[in-house]
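One file, structure-v8.txt, is given below (compact mmCIF, C-alpha atoms and all ligand atoms).
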```
# COMPACT_ATOMS: atom_id res chain seq x y z
CA MET A 2 -29.01 9.42 6.82
CA THR A 3 -26.43 11.29 8.91
CA THR A 4 -24.46 12.06 5.77
CA ARG A 5 -27.46 13.47 3.93
CA ARG A 6 -28.44 15.67 6.85
CA LEU A 7 -24.90 17.03 7.19
CA VAL A 8 -24.54 17.69 3.47
CA LEU A 9 -27.86 19.55 3.40
CA SER A 10 -27.05 21.65 6.45
CA ARG A 11 -23.66 22.49 4.93
CA GLY A 12 -25.35 23.57 1.75
CA ALA A 13 -27.50 25.99 3.71
CA ALA A 14 -24.47 27.23 5.63
CA LEU A 15 -22.64 27.84 2.37
CA VAL A 16 -25.32 30.23 1.15
CA GLY A 17 -24.84 32.15 4.38
CA ALA A 18 -21.09 31.99 3.95
CA ALA A 19 -21.23 33.58 0.52
CA SER A 20 -23.09 36.56 1.88
CA THR A 21 -20.97 37.00 5.00
CA GLY A 22 -17.60 36.23 3.36
CA LEU A 23 -16.80 33.37 5.78
CA LEU A 24 -14.45 30.64 4.61
CA LEU A 25 -15.62 27.06 3.98
CA PRO A 26 -13.25 25.37 6.50
CA GLN A 27 -14.59 27.59 9.29
CA ILE A 28 -18.15 26.62 8.39
CA ALA A 29 -17.29 22.95 8.24
CA ARG A 30 -15.83 23.10 11.72
CA ALA A 31 -18.84 25.01 13.04
CA GLN A 32 -21.18 22.32 11.66
CA SER A 33 -19.45 19.40 13.28
CA ASN A 34 -16.43 19.08 15.47
CA LYS A 35 -15.90 15.56 14.22
CA ILE A 36 -13.08 14.65 11.83
CA ARG A 37 -14.53 12.90 8.80
CA VAL A 38 -12.35 10.00 7.66
CA GLY A 39 -13.18 8.08 4.47
CA PHE A 40 -11.85 4.68 3.44
CA MET A 41 -11.68 4.05 -0.29
CA LEU A 42 -10.49 0.46 -0.48
CA PRO A 43 -11.28 -2.78 -2.31
CA TYR A 44 -13.75 -4.85 -0.29
CA THR A 45 -14.58 -7.17 -3.21
CA GLY A 46 -12.44 -8.88 -5.87
CA THR A 47 -8.88 -10.22 -5.83
CA TYR A 48 -7.65 -7.44 -3.48
CA ALA A 49 -10.60 -7.63 -1.02
CA GLN A 50 -8.52 -9.13 1.79
CA LEU A 51 -5.95 -6.35 1.40
CA GLY A 52 -8.58 -3.68 1.90
CA VAL A 53 -9.88 -5.32 5.06
CA ALA A 54 -6.36 -5.69 6.52
CA ILE A 55 -5.63 -2.00 5.83
CA GLU A 56 -8.84 -0.83 7.48
CA ASN A 57 -8.15 -3.09 10.48
CA GLY A 58 -4.66 -1.61 10.83
CA VAL A 59 -5.87 2.00 10.66
CA ARG A 60 -8.60 1.40 13.26
CA MET A 61 -6.20 -0.47 15.53
CA ALA A 62 -3.61 2.35 15.54
CA ILE A 63 -6.19 5.05 16.21
CA GLY A 64 -7.95 2.88 18.81
CA GLU A 65 -4.66 2.41 20.67
CA ARG A 66 -4.36 6.22 20.79
CA GLY A 67 -7.75 6.80 22.40
CA GLY A 68 -9.96 6.59 19.32
CA LYS A 69 -9.79 10.32 18.55
CA LEU A 70 -7.67 12.52 16.26
CA GLY A 71 -6.11 15.58 17.86
CA GLY A 72 -8.79 15.37 20.57
CA ARG A 73 -11.67 15.24 18.08
CA GLU A 74 -14.18 12.43 17.60
CA ILE A 75 -14.15 10.61 14.26
CA GLU A 76 -16.95 9.97 11.80
CA TRP A 77 -16.09 7.12 9.42
CA PHE A 78 -17.15 6.66 5.77
CA LYS A 79 -16.48 3.75 3.41
CA VAL A 80 -16.52 3.11 -0.34
CA ASP A 81 -15.70 -0.21 -2.04
CA ASP A 82 -13.53 0.74 -5.04
CA GLU A 83 -13.59 -2.84 -6.41
CA SER A 84 -10.01 -2.29 -7.73
CA GLU A 85 -11.75 -0.77 -10.76
CA PRO A 86 -9.73 2.11 -12.27
CA SER A 87 -12.59 3.32 -14.49
CA LYS A 88 -14.58 4.19 -11.33
CA GLY A 89 -11.65 5.77 -9.46
CA VAL A 90 -12.60 9.44 -9.86
CA GLU A 91 -16.30 8.81 -9.25
CA ASN A 92 -15.64 6.80 -6.09
CA ALA A 93 -13.16 9.35 -4.72
CA ASN A 94 -15.74 12.07 -5.32
CA ARG A 95 -18.35 10.10 -3.41
CA LEU A 96 -16.16 10.59 -0.35
CA VAL A 97 -14.86 14.08 -1.11
CA GLN A 98 -17.93 15.80 -2.63
CA ARG A 99 -20.79 13.83 -1.17
CA ASP A 100 -19.46 12.83 2.27
CA LYS A 101 -17.19 15.87 2.66
CA VAL A 102 -14.39 13.87 4.25
CA ASP A 103 -11.45 15.70 5.79
CA VAL A 104 -9.14 12.75 5.10
CA LEU A 105 -9.32 10.14 2.34
CA ILE A 106 -7.48 6.89 3.09
CA GLY A 107 -6.99 4.82 -0.06
CA THR A 108 -6.23 2.71 -1.92
CA VAL A 109 -4.64 -0.62 -2.95
CA HIS A 110 -4.67 -0.68 -6.77
CA SER A 111 -2.30 1.68 -8.65
CA GLY A 112 -4.78 2.39 -11.45
CA VAL A 113 -7.53 3.36 -9.00
CA GLN A 114 -5.01 5.52 -7.13
CA MET A 115 -4.62 7.69 -10.21
CA GLY A 116 -8.31 8.62 -9.87
CA ILE A 117 -7.84 9.48 -6.21
CA GLN A 118 -4.73 11.49 -7.08
CA ARG A 119 -6.70 13.60 -9.53
CA VAL A 120 -9.46 14.29 -7.00
CA ALA A 121 -6.92 14.98 -4.22
CA ARG A 122 -5.01 17.47 -6.37
CA GLU A 123 -8.19 19.23 -7.47
CA SER A 124 -9.90 19.37 -4.06
CA GLY A 125 -6.88 19.72 -1.76
CA VAL A 126 -8.33 17.07 0.58
CA LEU A 127 -5.75 15.22 2.67
CA SER A 128 -4.98 11.93 0.91
CA LEU A 129 -3.14 9.10 2.68
CA ILE A 130 -2.08 6.18 0.48
CA PRO A 131 -1.90 2.97 2.52
CA ASN A 132 -0.75 0.69 -0.32
CA ALA A 133 -0.90 1.59 -4.03
CA GLY A 134 2.67 2.04 -5.23
CA VAL A 135 2.11 3.96 -8.48
CA HIS A 136 5.24 6.06 -9.05
CA ALA A 137 3.45 9.20 -10.23
CA ALA A 138 1.72 9.76 -6.87
CA THR A 139 5.01 10.71 -5.24
CA ARG A 140 6.94 11.62 -8.39
CA ALA A 141 5.67 13.81 -11.26
CA LEU A 142 2.13 14.17 -9.82
CA CYS A 143 3.15 14.57 -6.18
CA ALA A 144 1.18 17.08 -4.11
CA PRO A 145 1.50 18.80 -0.72
CA ASN A 146 -1.69 17.09 0.52
CA VAL A 147 -0.76 13.53 -0.61
CA PHE A 148 1.28 11.26 1.67
CA ARG A 149 2.10 7.59 1.10
CA THR A 150 2.72 5.21 4.01
CA SER A 151 3.55 2.12 1.95
CA PHE A 152 6.15 1.99 -0.90
CA THR A 153 6.66 2.83 -4.54
CA ASN A 154 6.20 -0.11 -6.88
CA SER A 155 9.91 -0.31 -7.68
CA GLN A 156 11.12 0.01 -4.06
CA PRO A 157 10.92 -3.73 -3.13
CA THR A 158 12.26 -4.95 -6.48
CA LEU A 159 15.22 -2.53 -6.45
CA ALA A 160 16.51 -4.87 -3.75
CA LEU A 161 15.63 -8.10 -5.58
CA GLY A 162 18.21 -8.40 -8.38
CA LYS A 163 21.44 -8.61 -6.41
CA PRO A 164 20.54 -11.46 -4.04
CA MET A 165 19.37 -13.49 -7.05
CA VAL A 166 22.67 -13.02 -8.88
CA ASP A 167 24.57 -13.65 -5.63
CA LYS A 168 22.87 -17.07 -5.57
CA GLY A 169 24.14 -17.76 -9.07
CA LEU A 170 20.75 -17.19 -10.75
CA LYS A 171 21.94 -15.27 -13.79
CA LYS A 172 19.16 -15.84 -16.34
CA ALA A 173 15.62 -14.95 -15.31
CA VAL A 174 12.10 -14.78 -16.71
CA TRP A 175 9.89 -11.96 -15.39
CA ILE A 176 6.12 -12.48 -15.14
CA THR A 177 3.40 -10.12 -13.90
CA TRP A 178 -0.03 -8.59 -14.30
CA LYS A 179 0.25 -5.91 -16.97
CA TYR A 180 -0.68 -2.71 -15.20
CA ALA A 181 1.26 0.03 -13.39
CA ALA A 182 2.09 -2.07 -10.31
CA GLY A 183 3.59 -4.91 -12.36
CA ASP A 184 5.27 -2.68 -14.92
CA GLU A 185 6.88 -0.46 -12.28
CA ALA A 186 7.91 -3.45 -10.16
CA PHE A 187 9.62 -4.68 -13.33
CA GLU A 188 11.57 -1.39 -13.58
CA GLY A 189 13.08 -1.99 -10.13
CA PHE A 190 13.84 -5.62 -10.97
CA ARG A 191 15.36 -4.80 -14.38
CA ASP A 192 17.60 -2.10 -12.92
CA SER A 193 18.86 -4.12 -9.96
CA TYR A 194 19.20 -7.46 -11.77
CA THR A 195 21.02 -6.20 -14.86
CA LYS A 196 23.26 -3.97 -12.71
CA ALA A 197 24.26 -7.06 -10.72
CA GLY A 198 25.11 -8.91 -13.97
CA GLY A 199 21.88 -10.84 -14.59
CA THR A 200 20.09 -11.24 -17.95
CA ILE A 201 16.31 -11.12 -18.35
CA VAL A 202 15.54 -13.68 -21.03
CA LYS A 203 11.81 -12.97 -21.34
CA GLU A 204 9.09 -10.69 -19.96
CA LEU A 205 5.69 -12.35 -19.65
CA GLY A 206 2.40 -10.75 -18.69
CA LEU A 207 -1.36 -11.07 -18.51
CA PRO A 208 -4.08 -8.53 -17.81
CA PHE A 209 -5.15 -7.79 -14.20
CA PRO A 210 -6.85 -9.71 -12.52
CA ASN A 211 -6.63 -12.66 -14.94
CA VAL A 212 -5.41 -15.91 -13.32
CA GLU A 213 -5.20 -18.20 -16.35
CA PHE A 214 -1.48 -18.86 -15.90
CA GLN A 215 -1.21 -22.25 -17.65
CA ALA A 216 0.08 -21.18 -21.08
CA LEU A 217 2.66 -18.87 -19.51
CA LEU A 218 3.87 -21.59 -17.15
CA THR A 219 4.31 -23.92 -20.11
CA GLU A 220 6.40 -21.22 -21.81
CA ILE A 221 8.55 -20.80 -18.68
CA ALA A 222 9.19 -24.55 -18.60
CA SER A 223 10.40 -24.47 -22.19
CA LEU A 224 12.64 -21.40 -21.60
CA ARG A 225 14.37 -23.13 -18.66
CA PRO A 226 15.70 -19.97 -16.95
CA ASP A 227 17.79 -20.12 -13.76
CA ALA A 228 14.92 -18.40 -11.90
CA VAL A 229 11.55 -16.71 -12.27
CA ALA A 230 10.85 -13.28 -10.74
CA CYS A 231 7.37 -11.79 -10.52
CA PHE A 232 4.81 -9.36 -9.17
CA PHE A 233 1.44 -10.76 -8.09
CA ALA A 234 -0.64 -9.99 -5.00
CA GLY A 235 -3.81 -10.98 -3.16
CA GLY A 236 -5.97 -13.88 -4.33
CA GLY A 237 -4.18 -14.04 -7.69
CA ALA A 238 -0.81 -14.52 -5.97
CA ALA A 239 -2.08 -17.58 -4.08
CA LYS A 240 -3.32 -19.07 -7.35
CA PHE A 241 -0.03 -18.33 -9.13
CA ILE A 242 2.01 -20.03 -6.37
CA LYS A 243 -0.20 -23.13 -6.47
CA ASP A 244 -0.26 -23.30 -10.27
CA TYR A 245 3.55 -22.89 -10.39
CA ALA A 246 3.97 -25.90 -8.11
CA ALA A 247 1.26 -27.91 -9.90
CA ALA A 248 3.07 -27.30 -13.21
CA GLY A 249 6.10 -29.07 -11.70
CA LEU A 250 8.26 -25.90 -11.66
CA LYS A 251 8.66 -25.42 -7.90
CA ASP A 252 11.63 -27.76 -7.46
CA LYS A 253 13.19 -27.03 -10.85
CA ILE A 254 13.16 -23.23 -11.26
CA PRO A 255 13.37 -21.14 -8.06
CA LEU A 256 10.55 -18.62 -7.68
CA TRP A 257 11.42 -15.08 -6.50
CA GLY A 258 9.31 -11.96 -6.32
CA SER A 259 8.31 -8.63 -4.97
CA GLY A 260 7.19 -9.60 -1.45
CA PHE A 261 3.48 -9.10 -2.12
CA LEU A 262 3.61 -12.55 -3.72
CA THR A 263 3.67 -14.17 -0.28
CA GLU A 264 1.76 -11.60 1.81
CA GLY A 265 -1.55 -12.70 3.32
CA VAL A 266 -1.68 -15.80 1.12
CA LEU A 267 0.47 -18.36 2.92
CA ASP A 268 -2.46 -20.29 4.42
CA ALA A 269 -4.21 -20.42 1.05
CA ALA A 270 -1.04 -21.39 -0.86
CA GLY A 271 0.05 -24.06 1.65
CA PRO A 272 3.22 -26.12 0.97
CA ALA A 273 3.46 -24.76 -2.59
CA ALA A 274 4.82 -21.52 -1.11
CA GLU A 275 7.69 -23.07 0.87
CA GLY A 276 11.09 -21.76 -0.20
CA ILE A 277 9.87 -18.75 -2.22
CA MET A 278 12.30 -15.82 -1.88
CA THR A 279 11.08 -12.23 -1.85
CA THR A 280 12.09 -8.68 -0.96
CA MET A 281 9.76 -6.46 1.06
CA HIS A 282 9.65 -3.68 3.65
CA TYR A 283 8.18 -6.05 6.24
CA ALA A 284 8.48 -9.65 7.42
CA ASP A 285 6.31 -11.63 9.84
CA SER A 286 9.33 -12.81 11.81
CA LEU A 287 10.98 -9.39 12.15
CA ASP A 288 12.39 -9.69 15.65
CA ILE A 289 11.81 -6.24 17.11
CA PRO A 290 9.59 -5.47 20.15
CA LYS A 291 7.19 -3.31 18.13
CA ASN A 292 6.50 -6.14 15.67
CA ARG A 293 6.11 -8.80 18.35
CA GLN A 294 3.56 -6.65 20.23
CA PHE A 295 1.76 -5.63 17.03
CA ARG A 296 1.33 -9.24 15.93
CA LEU A 297 -0.06 -10.29 19.30
CA ASP A 298 -2.49 -7.36 19.49
CA TYR A 299 -3.66 -7.68 15.90
CA ALA A 300 -4.27 -11.44 16.21
CA LYS A 301 -6.24 -10.85 19.42
CA ALA A 302 -8.35 -8.07 17.93
CA PHE A 303 -9.09 -9.53 14.50
CA LYS A 304 -8.62 -13.32 15.00
CA SER A 305 -6.26 -13.43 12.02
CA GLN A 306 -2.57 -12.95 11.38
CA PRO A 307 -1.40 -9.52 10.18
CA ASP A 308 0.50 -9.01 6.94
CA VAL A 309 2.21 -6.09 5.23
CA TYR A 310 -1.16 -4.52 4.35
CA ALA A 311 -2.22 -4.51 8.01
CA VAL A 312 1.14 -2.92 8.88
CA GLN A 313 0.70 -0.21 6.24
CA GLY A 314 -2.82 0.48 7.52
CA TYR A 315 -1.49 0.65 11.07
CA ASP A 316 1.23 3.10 10.04
CA THR A 317 -1.36 5.22 8.23
CA GLY A 318 -3.33 5.45 11.48
CA VAL A 319 -0.17 6.26 13.45
CA LEU A 320 0.88 8.99 10.99
CA LEU A 321 -2.57 10.56 11.00
CA SER A 322 -2.86 10.37 14.76
CA GLN A 323 0.60 11.82 15.43
CA GLY A 324 0.07 14.56 12.85
CA MET A 325 -3.32 15.53 14.26
CA THR A 326 -1.97 15.56 17.81
CA ALA A 327 0.87 17.86 16.72
CA ILE A 328 -1.61 20.39 15.31
CA LYS A 329 -4.13 19.88 18.16
CA GLY A 330 -6.85 18.78 15.77
CA ASP A 331 -6.86 22.00 13.73
CA ILE A 332 -7.00 20.23 10.34
CA ALA A 333 -7.88 23.49 8.57
CA ASN A 334 -4.34 24.71 9.28
CA LYS A 335 -2.96 22.98 6.19
CA GLN A 336 0.59 24.29 6.35
CA ALA A 337 1.00 23.12 9.95
CA LEU A 338 -0.63 19.80 9.09
CA TYR A 339 1.69 19.07 6.14
CA LYS A 340 4.74 20.08 8.16
CA ALA A 341 3.65 17.77 10.98
CA LEU A 342 3.10 14.84 8.61
CA GLU A 343 6.41 15.45 6.83
CA THR A 344 8.44 15.40 10.02
CA GLN A 345 7.02 12.38 11.87
CA THR A 346 9.10 9.29 12.57
CA ILE A 347 6.87 6.24 12.49
CA ASP A 348 7.73 3.54 15.02
CA SER A 349 6.36 0.75 12.87
CA PRO A 350 6.22 -3.06 13.10
CA ARG A 351 8.40 -2.90 9.95
CA GLY A 352 11.05 -0.85 11.83
CA LYS A 353 11.28 2.92 12.17
CA TRP A 354 10.76 4.97 9.01
CA THR A 355 10.57 8.60 7.95
CA MET A 356 8.92 10.51 5.10
CA SER A 357 10.97 11.46 2.03
CA LYS A 358 10.70 14.96 0.61
CA SER A 359 8.25 13.65 -1.98
CA HIS A 360 6.10 12.05 0.80
CA ASN A 361 7.05 8.37 0.47
CA PRO A 362 8.60 6.13 3.18
CA VAL A 363 12.38 5.91 3.52
CA GLN A 364 12.64 2.34 4.76
CA ASP A 365 14.64 -0.88 5.00
CA ILE A 366 13.88 -3.66 2.52
CA TYR A 367 14.23 -7.22 3.86
CA LEU A 368 15.18 -10.41 2.04
CA ARG A 369 12.76 -13.15 3.10
CA ARG A 370 12.17 -16.87 2.53
CA VAL A 371 8.93 -18.73 3.15
CA GLU A 372 9.62 -21.28 5.90
CA LYS A 373 6.92 -23.33 7.61
CA GLY A 374 4.21 -20.95 6.49
CA ASP A 375 5.98 -17.73 7.59
CA ASN A 376 7.92 -15.01 5.77
CA LYS A 377 11.27 -15.45 7.57
CA VAL A 378 13.84 -12.65 7.50
CA ILE A 379 17.12 -13.66 5.88
CA GLY A 380 18.68 -10.20 6.10
CA VAL A 381 18.42 -6.54 5.12
CA ALA A 382 18.60 -6.30 1.32
CA ALA A 383 18.59 -2.48 1.23
CA LYS A 384 19.04 -0.08 4.13
CA ALA A 385 16.94 3.13 4.38
CA LEU A 386 15.89 2.92 0.73
CA SER A 387 14.31 6.09 -0.63
CA ASP A 388 12.38 6.39 -3.88
CA SER A 389 13.94 8.80 -6.39
CA GLY A 390 10.90 11.12 -6.26
CA ALA A 391 11.85 12.04 -9.83
CA GLY A 392 9.88 15.02 -11.13
CA CYS A 393 8.33 15.91 -7.78
CA LYS A 394 8.49 19.65 -7.29
CA LEU A 395 8.14 19.27 -3.50
CA ALA A 396 11.52 17.55 -3.53
CA ALA A 397 13.30 20.45 -5.23
C1 LIG A 401 -0.74 -1.74 -6.65
O1 LIG A 401 -1.62 -1.86 -7.53
O2 LIG A 401 -0.08 -0.71 -6.52
C2 LIG A 401 -0.48 -2.88 -5.73
C3 LIG A 401 -1.48 -3.78 -5.44
C4 LIG A 401 -1.23 -4.83 -4.56
C5 LIG A 401 0.01 -4.94 -3.96
C6 LIG A 401 1.00 -4.03 -4.25
C7 LIG A 401 0.76 -2.99 -5.14
```
For the structure just supplied, provide its representation as structure tokens.
Amino acid sequence: MTTRRLVLSRGAALVGAASTGLLLPQIARAQSNKIRVGFMLPYTGTYAQLGVAIENGVRMAIGERGGKLGGREIEWFKVDDESEPSKGVENANRLVQRDKVDVLIGTVHSGVQMGIQRVARESGVLSLIPNAGVHAATRALCAPNVFRTSFTNSQPTLALGKPMVDKGLKKAVWITWKYAAGDEAFEGFRDSYTKAGGTIVKELGLPFPNVEFQALLTEIASLRPDAVACFFAGGGAAKFIKDYAAAGLKDKIPLWGSGFLTEGVLDAAGPAAEGIMTTMHYADSLDIPKNRQFRLDYAKAFKSQPDVYAVQGYDTGVLLSQGMTAIKGDIANKQALYKALETQTIDSPRGKWTMSKSHNPVQDIYLRRVEKGDNKVIGVAAKALSDSGAGCKLAA
């Protein structure tokens, strides 16, 4: 109702603007002083929980900072993207064209992100990526108005190969969902594992979000590698962990992975997850004041334990809030806005991080082991790791 009324009144204002020569951003501000923030996240399907955790984190960070952005009230909008790449452009346009958001926060799935990226590049709307790690978003298709607060898909796995080889695990099978997130996570694993002296004996895959793992687990058993490394996330990760144990592999072939494997799924996976080793830019047990406070506050507010997705959402809210404060809410001043977002240091539950030139976090990657239902930090696997940003003109 509110949306329709605003869109109509903006349409009328635009006619006036054409005749008077006024610019659209000035009209938008005259119509409403509120900042329009749109969430495009999965609220259904295998990544549903991830979307909810991200939204919780964003709202928590902004709430802690007074619930406004640069002194301006917020109007919120939401679209469920269902982790469906074929609807990515259409869903992004529902927020950008129909709801006229000033900021689009989304999404989780790399394929859907490509739709958002297209709309963001065409419209110039500020796009904050709170999860999806697709390389292109901050490499060849990077843009001044696109900022990622999470990771690139190969960032966690670039730190995975060496600790595996250090443990004497020299022959590995890789298994994943076959889409950008899994394929690019593999790139990081392949580069780090082979550089450390490991050999990948087989790459296995199945389409997203398929969870019929049985035939592939049988193949792993017959290959008898020293270890298995993987990318899975959300509901499918919990199923993979349980199926791996049920197939009798848990105590025979150590399971390693990009840390999403054990994020937000430890209750669902239960004892089957114990001992899994992963690399990730966050860990539940990270013993820094910011993380301890964050975990207490999040659990109190949402009656559930936070995970990396909640942290990424929180950091998105912090980045947006700090950036908007720096420009005193004048979101139409794009150059000042981008400069402000580029130069923030985020005091995150994951540890402090900064933005790379291609707009992706420069951050520590932790080695973790699942112990008594928690992702316990074993050590720092890579310090201040930056993505290459290859092909990004902003980085030149
Ligand atoms: C992705 O599609 O980029 C992704 C999804 C879940 C966790 C990590 C990455």
Can you write out as CSV which residues of region 185-287 of chain A fall within 12 Å of region 376-384 of chain A, alongside each residue's closest atom pair and its distance in Å to one decimal, counting all atoms listed in the file and ordering rows by chain and ascending residue number?
```
residue,atom,partner,partner_atom,distance
A:Ser193,CA,A:Ala383,CA,11.3
A:Gly260,CA,A:Asn376,CA,9.1
A:Phe261,CA,A:Asn376,CA,10.8
A:Leu262,CA,A:Asn376,CA,10.7
A:Thr263,CA,A:Asn376,CA,7.4
A:Glu264,CA,A:Asn376,CA,8.1
A:Gly265,CA,A:Asn376,CA,10.1
A:Val266,CA,A:Asn376,CA,10.7
A:Leu267,CA,A:Asn376,CA,8.7
A:Asp268,CA,A:Asn376,CA,11.7
A:Ala274,CA,A:Asn376,CA,10.0
A:Glu275,CA,A:Asn376,CA,9.4
A:Gly276,CA,A:Asn376,CA,9.6
A:Ile277,CA,A:Asn376,CA,9.0
A:Met278,CA,A:Asn376,CA,8.9
A:Thr279,CA,A:Asn376,CA,8.7
A:Thr280,CA,A:Ala382,CA,7.3
A:Met281,CA,A:Ala382,CA,8.8
A:His282,CA,A:Ala383,CA,9.3
A:Tyr283,CA,A:Val378,CA,8.8
A:Ala284,CA,A:Asn376,CA,5.6
A:Asp285,CA,A:Asn376,CA,5.5
A:Ser286,CA,A:Lys377,CA,5.4
A:Leu287,CA,A:Val378,CA,6.4
```
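Among A:Lys243, A:Lys291, A:Lys179, A:His110, the residue with the shortest atom-to-atom distance to ligand LIG 401 (chain A), counting all atoms listed in the file, is A:His110.
Atom to atom, CA of Ile221 (chain A) and atom C3 of ligand LIG 401 (chain A) stand 23.8 Å apart.
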Contacts of region 113-123 of chain A at 7 Å (all atoms listed in the file; same-chain gap of 6+ positions) as a list in words = Ser84, Glu85, Pro86, Gly89, Val90, Ala93, Asn94, Ala133, Ala138 and Ala144 of chain A
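Checking A:Lys373, A:Ala302, A:Gly64, A:Thr326 one by one against Leu338 (chain A), counting all atoms listed in the file, you find the shortest gap at A:Thr326.
Taking all atoms listed in the file into account, the residues that come within 8 Å of ligand LIG 401 (chain A) are A:Tyr48, A:Leu51, A:Val109, A:His110, A:Ser111, A:Gly112, A:Gln114, A:Asn132, A:Ala133, A:Gly134, A:Val135, A:Thr153, A:Asn154, A:Tyr180, A:Ala181, A:Ala182, A:Gly183, A:Phe233, A:Ala234, A:Gly235, A:Phe261.
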Judged by only C-alpha atoms, the minimum distance to Ala160 (chain A) among A:Phe303, A:Phe78, A:Trp257, A:Phe214 is found for A:Trp257
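You will find CA of Gln323 (chain A) at 10.9 Å from CA of Asp348 (chain A).
Note that the spacing between CA of Leu250 (chain A) and CA of Gln156 (chain A) amounts to 27.2 Å.
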Shell around Gly330 (chain A) at 9 Å using all atoms listed in the file, local window under 3 positions removed, as a VMD selection string | chain A and resid 36 70 to 73 324 to 327 333
Within 9 Å of Ala230 (chain A), counting only C-alpha atoms, which residues show up once you throw out same-chain ones fewer than 3 positions away? Write them as number ranges by chain, please.
-> A: 161, 173-177, 190, 255-259, 279
Adding 5 Å on each side of the box along x, y and z that holds all listed atoms of region 60-67 of chain A, could you give its centre and edge lengths in Å to one decimal, as AutoDock Vina command-line options?
```
--center_x -6.1 --center_y 3.2 --center_z 17.8 --size_x 15.0 --size_y 17.3 --size_z 19.1
```
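Nearest-residue note for Ser387 (chain A): choosing from A:Val202, A:Ile347, A:Ala300, A:Leu159, the minimum distance belongs to A:Leu159, counting only C-alpha atoms.
Nearest-residue note for Gln294 (chain A): choosing from A:Ser349, A:Gln313, A:Gln336, A:Thr355, the minimum distance belongs to A:Ser349, counting only C-alpha atoms.
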Give me the residues within 6 Å of Tyr44 (chain A) as a list in words, counting all atoms listed in the file and dropping any in the same chain fewer than 3 places off.
-> Ala49, Gly52 and Asp81 of chain A
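Restricting the calculation to only C-alpha atoms, the smallest distance between Ala391 (chain A) and any of A:Glu188, A:Arg140, A:Gly58, A:Ala246 is found for A:Arg140.
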Contacts of region 61-63 of chain A at 7 Å or less, counting only C-alpha atoms, minus same-chain residues fewer than 2 places along, as an MDAnalysis selection string?
-> chainID A and resid 57:59 65:69 315 318:319 322
Residues within 6 Å of (4.0, 6.6, -0.2), file coords, only C-alpha atoms, listed as a PyMOL selection string = chain A and resi 148-152+360-362
